[in-house]
Structure formats: C-alpha cells, structure tokens
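> Sending over my_file_22.pdb (PDB, C-alpha atoms).
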ATOM      1  CA  ALA A   1     -16.512  -1.801 -11.440
ATOM      2  CA  GLY A   2     -16.424  -1.671  -7.650
ATOM      3  CA  LEU A   3     -19.550  -3.316  -6.302
ATOM      4  CA  PHE A   4     -19.328  -2.248  -2.708
ATOM      5  CA  LEU A   5     -17.031  -0.676  -0.199
ATOM      6  CA  CYS A   6     -16.206  -2.444   3.032
ATOM      7  CA  CYS A   7     -14.325  -0.780   5.864
ATOM      8  CA  PHE A   8     -12.238  -3.043   8.051
ATOM      9  CA  SER A   9     -10.480  -1.532  11.063
ATOM     10  CA  ARG A  10      -8.805  -2.809  14.189
ATOM     11  CA  ALA A  11      -7.529  -1.219  17.354
ATOM     12  CA  SER A  12      -4.076  -2.766  17.672
ATOM     13  CA  ALA A  13      -0.891  -3.378  15.671
ATOM     14  CA  SER A  14       0.499  -1.064  13.046
ATOM     15  CA  THR A  15       1.018  -3.272   9.983
ATOM     16  CA  ASP A  16      -1.239  -5.471   7.858
ATOM     17  CA  SER A  17       0.073  -9.037   7.927
ATOM     18  CA  ALA A  18      -1.535  -9.667   4.536
ATOM     19  CA  VAL A  19       1.243  -7.538   3.021
ATOM     20  CA  VAL A  20       4.174  -9.939   3.170
ATOM     21  CA  VAL A  21       7.651  -8.391   3.134
ATOM     22  CA  ASN A  22       9.735 -11.508   3.916
ATOM     23  CA  PRO A  23       9.174 -15.152   2.884
ATOM     24  CA  ALA A  24       6.335 -16.532   4.959
ATOM     25  CA  ASP A  25       5.924 -19.892   6.675
ATOM     26  CA  TRP A  26       2.312 -20.211   5.503
ATOM     27  CA  SER A  27       0.610 -20.436   2.141
ATOM     28  CA  TYR A  28      -2.815 -20.960   0.604
ATOM     29  CA  ASP A  29      -2.533 -24.668  -0.203
ATOM     30  CA  GLY A  30      -0.909 -27.926   0.884
ATOM     31  CA  TYR A  31       0.390 -28.554   4.380
ATOM     32  CA  THR A  32       0.952 -24.851   4.989
ATOM     33  CA  GLY A  33      -2.546 -23.891   3.802
ATOM     34  CA  PRO A  34      -5.387 -22.323   5.839
ATOM     35  CA  GLU A  35      -6.496 -25.504   7.614
ATOM     36  CA  TYR A  36      -2.971 -25.907   9.035
ATOM     37  CA  TRP A  37      -2.159 -22.276   9.882
ATOM     38  CA  ALA A  38      -2.883 -22.587  13.603
ATOM     39  CA  GLY A  39      -0.331 -25.405  13.996
ATOM     40  CA  ILE A  40       2.494 -23.706  12.129
ATOM     41  CA  ASN A  41       3.241 -21.086  14.761
ATOM     42  CA  PRO A  42       1.798 -20.480  18.262
ATOM     43  CA  LEU A  43       1.199 -16.869  17.198
ATOM     44  CA  TYR A  44      -1.317 -18.175  14.648
ATOM     45  CA  ALA A  45      -3.569 -19.861  17.225
ATOM     46  CA  LYS A  46      -6.460 -17.507  16.454
ATOM     47  CA  CYS A  47      -6.662 -19.009  12.964
ATOM     48  CA  ASP A  48      -8.305 -22.016  14.643
ATOM     49  CA  SER A  49      -9.619 -20.768  17.991
ATOM     50  CA  GLY A  50     -10.961 -17.406  16.821
ATOM     51  CA  LYS A  51     -14.679 -16.721  17.161
ATOM     52  CA  ALA A  52     -15.055 -14.197  14.339
ATOM     53  CA  GLN A  53     -12.694 -15.252  11.577
ATOM     54  CA  SER A  54     -12.632 -13.730   8.106
ATOM     55  CA  PRO A  55     -13.166 -13.969   5.218
ATOM     56  CA  ILE A  56     -16.884 -14.715   5.226
ATOM     57  CA  ASN A  57     -19.942 -14.601   3.044
ATOM     58  CA  ILE A  58     -21.642 -11.235   3.634
ATOM     59  CA  PRO A  59     -25.437 -11.359   3.329
ATOM     60  CA  ILE A  60     -26.693  -8.036   1.959
ATOM     61  CA  LYS A  61     -30.347  -7.230   2.594
ATOM     62  CA  GLY A  62     -32.273  -3.991   2.052
ATOM     63  CA  PRO A  63     -33.027  -1.343   2.873
ATOM     64  CA  PHE A  64     -29.394  -0.252   2.611
ATOM     65  CA  ILE A  65     -28.238   2.547   4.888
ATOM     66  CA  ALA A  66     -26.404   5.237   2.913
ATOM     67  CA  GLY A  67     -23.028   6.415   4.119
ATOM     68  CA  ALA A  68     -19.315   6.205   3.389
ATOM     69  CA  PRO A  69     -16.023   7.359   4.862
ATOM     70  CA  THR A  70     -14.430  10.535   3.543
ATOM     71  CA  ILE A  71     -11.819   9.363   1.041
ATOM     72  CA  LYS A  72      -9.008  11.674  -0.037
ATOM     73  CA  LEU A  73      -6.531   9.537  -1.958
ATOM     74  CA  LEU A  74      -3.959  11.268  -4.137
ATOM     75  CA  THR A  75      -2.202  10.618  -7.409
ATOM     76  CA  SER A  76       0.804   9.025  -5.778
ATOM     77  CA  LYS A  77       4.128   7.425  -6.537
ATOM     78  CA  LEU A  78       4.148   3.939  -5.054
ATOM     79  CA  ASN A  79       6.820   1.262  -4.789
ATOM     80  CA  PHE A  80       6.125  -2.334  -5.837
ATOM     81  CA  GLN A  81       6.315  -4.860  -2.990
ATOM     82  CA  ALA A  82       6.312  -8.640  -3.406
ATOM     83  CA  GLY A  83       6.293 -11.489  -0.934
ATOM     84  CA  GLN A  84       5.737 -15.222  -0.958
ATOM     85  CA  ASN A  85       1.966 -14.937  -0.710
ATOM     86  CA  SER A  86       1.079 -11.487  -2.008
ATOM     87  CA  PHE A  87       2.102  -8.470  -4.018
ATOM     88  CA  GLY A  88       1.119  -4.840  -3.925
ATOM     89  CA  PHE A  89       2.326  -1.260  -3.738
ATOM     90  CA  VAL A  90       3.456   0.799  -0.751
ATOM     91  CA  CYS A  91       3.495   4.565  -0.372
ATOM     92  CA  ASP A  92       6.807   6.135  -1.333
ATOM     93  CA  THR A  93       8.420   7.012   1.992
ATOM     94  CA  LYS A  94       9.888  10.184   0.462
ATOM     95  CA  LYS A  95       6.409  11.511  -0.212
ATOM     96  CA  ALA A  96       4.768  13.539   2.548
ATOM     97  CA  SER A  97       1.367  11.925   1.946
ATOM     98  CA  CYS A  98      -0.294   9.493  -0.433
ATOM     99  CA  GLY A  99      -3.737  10.401   0.809
ATOM    100  CA  SER A 100      -6.039   9.527   3.677
ATOM    101  CA  ILE A 101      -9.521   8.552   4.770
ATOM    102  CA  GLN A 102     -11.646   9.941   7.588
ATOM    103  CA  TYR A 103     -13.655   7.250   9.338
ATOM    104  CA  ARG A 104     -15.696   7.572  12.522
ATOM    105  CA  GLY A 105     -13.903  10.752  13.508
ATOM    106  CA  THR A 106     -10.359   9.437  12.964
ATOM    107  CA  LYS A 107      -7.935  10.239  10.135
ATOM    108  CA  PHE A 108      -6.113   7.245   8.640
ATOM    109  CA  SER A 109      -3.172   7.777   6.256
ATOM    110  CA  PHE A 110      -2.781   5.533   3.216
ATOM    111  CA  LYS A 111       0.173   3.135   3.450
ATOM    112  CA  SER A 112      -0.242   0.319   0.917
ATOM    113  CA  VAL A 113      -2.558  -1.567  -1.410
ATOM    114  CA  HIS A 114      -2.644  -5.246  -2.303
ATOM    115  CA  GLY A 115      -5.066  -7.565  -4.082
ATOM    116  CA  HIS A 116      -6.669 -10.981  -3.748
ATOM    117  CA  ALA A 117      -7.846 -12.874  -6.832
ATOM    118  CA  PRO A 118     -10.447 -14.253  -6.602
ATOM    119  CA  SER A 119     -12.025 -12.208  -3.807
ATOM    120  CA  GLU A 120     -11.670 -13.408  -0.226
ATOM    121  CA  HIS A 121     -15.123 -12.199   0.820
ATOM    122  CA  TRP A 122     -18.349 -13.334  -0.819
ATOM    123  CA  ILE A 123     -21.528 -11.252  -1.215
ATOM    124  CA  ASN A 124     -24.813 -13.156  -1.023
ATOM    125  CA  GLY A 125     -22.969 -16.368  -1.893
ATOM    126  CA  VAL A 126     -21.141 -14.881  -4.877
ATOM    127  CA  GLN A 127     -17.343 -14.694  -5.143
ATOM    128  CA  TYR A 128     -15.882 -11.950  -7.340
ATOM    129  CA  PRO A 129     -12.786 -11.898  -9.572
ATOM    130  CA  LEU A 130     -10.826  -9.371  -7.505
ATOM    131  CA  GLU A 131     -10.767  -7.816  -4.036
ATOM    132  CA  MET A 132      -8.375  -4.967  -3.291
ATOM    133  CA  HIS A 133      -7.355  -3.935   0.229
ATOM    134  CA  PHE A 134      -6.244  -0.336   0.820
ATOM    135  CA  VAL A 135      -4.338  -0.293   4.109
ATOM    136  CA  HIS A 136      -4.315   2.858   6.247
ATOM    137  CA  ASN A 137      -3.174   3.641   9.774
ATOM    138  CA  SER A 138      -3.835   6.388  12.285
ATOM    139  CA  SER A 139      -1.381   8.384  14.369
ATOM    140  CA  ASP A 140      -2.139   6.149  17.372
ATOM    141  CA  GLY A 141      -1.388   2.904  15.482
ATOM    142  CA  ARG A 142      -4.892   1.765  14.555
ATOM    143  CA  LEU A 143      -5.582   0.310  11.126
ATOM    144  CA  ALA A 144      -8.375   0.940   8.667
ATOM    145  CA  VAL A 145      -8.560  -1.258   5.583
ATOM    146  CA  LEU A 146     -10.895  -0.407   2.730
ATOM    147  CA  GLY A 147     -11.917  -3.521   0.826
ATOM    148  CA  VAL A 148     -13.289  -3.101  -2.701
ATOM    149  CA  LEU A 149     -14.753  -5.891  -4.824
ATOM    150  CA  PHE A 150     -14.542  -5.843  -8.614
ATOM    151  CA  ASP A 151     -16.560  -7.715 -11.226
ATOM    152  CA  HIS A 152     -15.997  -8.346 -14.913
ATOM    153  CA  GLY A 153     -17.209  -5.519 -17.138
ATOM    154  CA  GLY A 154     -20.533  -5.872 -18.934
ATOM    155  CA  ASN A 155     -21.955  -4.025 -21.910
ATOM    156  CA  SER A 156     -22.676  -0.739 -20.182
ATOM    157  CA  ARG A 157     -20.867   2.444 -21.190
ATOM    158  CA  GLU A 158     -19.316   2.665 -17.719
ATOM    159  CA  ALA A 159     -18.046  -0.917 -17.836
ATOM    160  CA  LYS A 160     -16.402  -0.363 -21.212
ATOM    161  CA  ARG A 161     -14.332   2.590 -20.022
ATOM    162  CA  ASN A 162     -10.690   1.646 -19.624
ATOM    163  CA  ASN A 163      -9.064   2.028 -16.208
ATOM    164  CA  PRO A 164      -5.302   2.335 -16.834
ATOM    165  CA  ASP A 165      -4.586   2.415 -13.100
ATOM    166  CA  LEU A 166      -6.289  -0.939 -12.564
ATOM    167  CA  ASP A 167      -4.498  -2.334 -15.625
ATOM    168  CA  MET A 168      -1.162  -1.176 -14.223
ATOM    169  CA  PHE A 169      -1.887  -2.778 -10.858
ATOM    170  CA  LEU A 170      -2.945  -6.120 -12.360
ATOM    171  CA  ASN A 171      -0.004  -6.261 -14.780
ATOM    172  CA  SER A 172       2.638  -5.749 -12.109
ATOM    173  CA  SER A 173       4.674  -8.837 -12.938
ATOM    174  CA  ALA A 174       8.037  -7.214 -12.244
ATOM    175  CA  ALA A 175       9.280  -5.123  -9.339
ATOM    176  CA  ARG A 176       8.989  -1.423 -10.074
ATOM    177  CA  LYS A 177       9.653   1.721  -8.108
ATOM    178  CA  ASN A 178       7.904   5.057  -8.365
ATOM    179  CA  THR A 179       4.837   3.702 -10.141
ATOM    180  CA  THR A 180       2.268   6.492 -10.390
ATOM    181  CA  LEU A 181      -1.295   5.417  -9.573
ATOM    182  CA  ARG A 182      -4.402   7.573  -9.240
ATOM    183  CA  LEU A 183      -5.736   5.856  -6.145
ATOM    184  CA  LYS A 184      -9.160   7.487  -6.315
ATOM    185  CA  ASN A 185      -9.784   5.696  -9.622
ATOM    186  CA  PHE A 186     -10.151   2.393  -7.786
ATOM    187  CA  PHE A 187     -13.265   3.612  -5.957
ATOM    188  CA  ASN A 188     -16.811   4.014  -7.137
ATOM    189  CA  PRO A 189     -18.064   7.257  -5.554
ATOM    190  CA  LYS A 190     -21.555   5.709  -5.428
ATOM    191  CA  ALA A 191     -20.347   2.579  -3.641
ATOM    192  CA  ARG A 192     -22.430   1.201  -0.806
ATOM    193  CA  LEU A 193     -20.900   0.777   2.637
ATOM    194  CA  CYS A 194     -21.009  -2.261   4.867
ATOM    195  CA  THR A 195     -19.145  -3.142   8.045
ATOM    196  CA  VAL A 196     -18.025  -6.640   8.972
ATOM    197  CA  ALA A 197     -16.955  -7.959  12.380
ATOM    198  CA  GLY A 198     -14.109 -10.377  11.791
ATOM    199  CA  SER A 199     -10.348 -10.877  11.713
ATOM    200  CA  LEU A 200      -7.254 -10.465   9.609
ATOM    201  CA  THR A 201      -7.638 -12.804   6.638
ATOM    202  CA  SER A 202      -4.112 -14.224   6.933
ATOM    203  CA  PRO A 203      -1.826 -15.274   9.826
ATOM    204  CA  PRO A 204      -1.825 -14.308  12.639
ATOM    205  CA  CYS A 205      -5.618 -14.022  12.060
ATOM    206  CA  LEU A 206      -5.941 -11.443  14.820
ATOM    207  CA  GLU A 207      -9.326 -10.322  16.127
ATOM    208  CA  PRO A 208     -11.190  -8.091  16.289
ATOM    209  CA  VAL A 209     -11.427  -6.461  12.895
ATOM    210  CA  THR A 210     -14.434  -4.320  12.035
TER
END
Would you mind giving the structure from this file in structure tokens?


Amino acid sequence: AGLFLCCFSRASASTDSAVVVNPADWSYDGYTGPEYWAGINPLYAKCDSGKAQSPINIPIKGPFIAGAPTIKLLTSKLNFQAGQNSFGFVCDTKKASCGSIQYRGTKFSFKSVHGHAPSEHWINGVQYPLEMHFVHNSSDGRLAVLGVLFDHGGNSREAKRNNPDLDMFLNSSAARKNTTLRLKNFFNPKARLCTVAGSLTSPPCLEPVT
C-alpha cells in the first residue's frame, strides 16, 4: 500500500535523468557509485557541491496538513524502457494522453514511470521496499515527479487485495510494448502529501527540486 505521496518538481529541463535511455557512465556501486559521481563528469559536479541533495530521510511530524494534487491518470498503453541503471515504462507516443496532474495551478502531463527498490527516500528513519516515480512535464518544460512509497502487505483486508498492475510493473523482466497499466491503481486516494526541497536523485543531481 502507498504510505505517502511526495511531489517533486523543478523549474528547468524537460527529462528526468533517472530514466536512463542509453548506457550510463555511472552506477550505484564500485568506482562509478554515488561517492564518485561528481568526478566522473563535470556536469555531475552538483552531486558533491550541491547544498540540498536527495534522497534524504524525511521526518514526519503532526499535525499533518491535508491536501493533494489533482491526479487524473488514465488506463494507458505504455512501452517498456530499460537502461543500465533503471527500468520503467513510457507513455505510448501514439496516444494523445496518458493522464495528467494539476499541481499549484499548473497542468503536468504524464510521461513515464520507473521504480527504485529499496526506496531512495526514508520516512522517520525507515526505508521501504519500493519507491515509484511518476514523471510529468508541463507545456513550458517544467517537471513534476510524484513519488510513492510502498510497504509489504499485512493482514488487513486492503493489504490482501491483489494489485495486478503493480505485479505487472514488478515482473517486467523482458522488454514489452503496449503494456496496459491502470495508473490510478498505484495511488492511495487517502495518501498524505509532503513536499521536499532537494535535487534529482541521480546524475547530474541538479537542484532545485521541490
């Protein structure tokens, strides 16, 4: 089940570098891992010199302010996309729309979704099994990324309900085209909203990201 909903947005660039299309020169371990990112390419300097780098531990304290963006994500045909450091699905370019969100007065159209296991962000010192990033952009090139954390199911009736869309996403071991996913099924309509000031979580680690 989704524990919370985080909205990350930034004012520049039109693609999410976490979605890798071509083989990358960085990785998550060894001599191309996070502690070496800044020295791999001058464009990655922010990975070391940045003042608000993500991911982070997010301390959640009450009272919690209610509120969420307007989410209108469709049952959409998506194309599998794999890279050296990530995999995910992108909106079928032949489709007029795969859905959108409305956030702070701006409409952002859904472009792609990818996952991180375990989660990149922590909540109150706890890391979760999965974090999914739903990448959107606006007509003027700004990005909005919805981050959703997932935990293992418990014994509740809700936790025991099967989510075939999540199963399909997690079992994407082979490249597939025109995979139909009900994007709204990845969101808990009662999710709580938090905002985080930070950066892209992978090179070039650009700031700012809200």

> Near Thr70 of chain A, counting all atoms listed in the file, which residues have an atom at most 7 Å away, once you skip same-chain residues fewer than 5 positions from it, shown as a list in words?

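The residues that qualify are Ile101, Gln102 and Tyr103 of chain A.
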
> Could you pull the residues within 10 Å of Asn41 of chain A, counting only C-alpha atoms, minus those fewer than 2 positions along the same chain, as number ranges by chain?

A: 25-26, 36-39, 43-45, 203-204

> Considering only C-alpha atoms, return as a ChimeraX atom specification whatever protein or nucleic-acid residues lie within 9 Å of Pro59 of chain A, sequence-local ones (same chain, fewer than 3 positions apart) excluded.

/A:122-125

> Output C-alpha atoms for every residue in that selection, as a compact mmCIF listing (two decimals), in the frame of the given file.


# COMPACT_ATOMS: atom_id res chain seq x y z
CA TRP A 122 -18.35 -13.33 -0.82
CA ILE A 123 -21.53 -11.25 -1.22
CA ASN A 124 -24.81 -13.16 -1.02
CA GLY A 125 -22.97 -16.37 -1.89

> Identify all residues satisfying the PyMOL selection byres ((chain A and resi 133) around 6) in the given file; provide them as number ranges by chain.

A: 113-114, 132, 134, 146-147

> Using all atoms listed in the file, which of A:Cys194, A:Leu181, A:Leu149, A:Cys98 sits nearest Leu73 of chain A?

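Looking only at the distances to Leu73 of chain A, the closest residue turns out to be A:Cys98.
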
> Might you spell out which residues the PyMOL selection byres ((chain A and resi 77) around 9) would select in the displayed file, as an MDAnalysis selection string?

chainID A and resid 75:76 78:79 90:92 95 98 177:182

> Between atom CA of Asn185 of chain A and atom CA of Gly141 of chain A, what is the distance, to one decimal in Å?

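A separation of 26.6 Å between them.
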
> Between atom CA of Asp140 of chain A and atom CA of Ser112 of chain A, what is the distance in Å, rounded to a tenth?

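Atom CA of Asp140 of chain A sits 17.6 Å away from atom CA of Ser112 of chain A.
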
> Which one is closest to Tyr28 of chain A: A:Glu207, A:Ile60, A:Ser54, A:Thr201? Count all atoms listed in the file.

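Counting all atoms listed in the file, the residue closest to Tyr28 of chain A is A:Thr201.
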
> Just give me the gap between atom CA of Ala144 of chain A and atom CA of Phe108 of chain A in Å, one decimal is fine.

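Going from atom CA of Ala144 of chain A over to atom CA of Phe108 of chain A covers 6.7 Å.
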
> Out of A:Pro129, A:Gly105, A:Gly153, A:Gly88, which residue has the shortest atom-to-atom distance to Met168 of chain A when counting only C-alpha atoms?

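Of A:Pro129, A:Gly105, A:Gly153, A:Gly88, the one nearest Met168 of chain A is A:Gly88, counting only C-alpha atoms.
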
> Pick out the residues sitting within 9 Å of Leu170 of chain A, and hand them over as a list in words; count all atoms listed in the file, and ignore anything fewer than 4 positions along from it in its own chain.

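Neighbouring residues, sequence-local ones excluded: Gly115, Asp165 and Leu166 of chain A.
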
> Tell me which of A:Ile58, A:Ile71, A:Leu143, A:Ala117 sits closest to Glu131 of chain A, counting all atoms listed in the file.

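Checking each candidate against Glu131 of chain A, we get A:Ala117 as the closest.
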
> Show me the residues close to (-12.0, -12.6, 7.4) - anything with an atom within 8 Å, counting all atoms listed in the file - and format the list as a ChimeraX atom specification.

/A:52-56,120-121,198-201
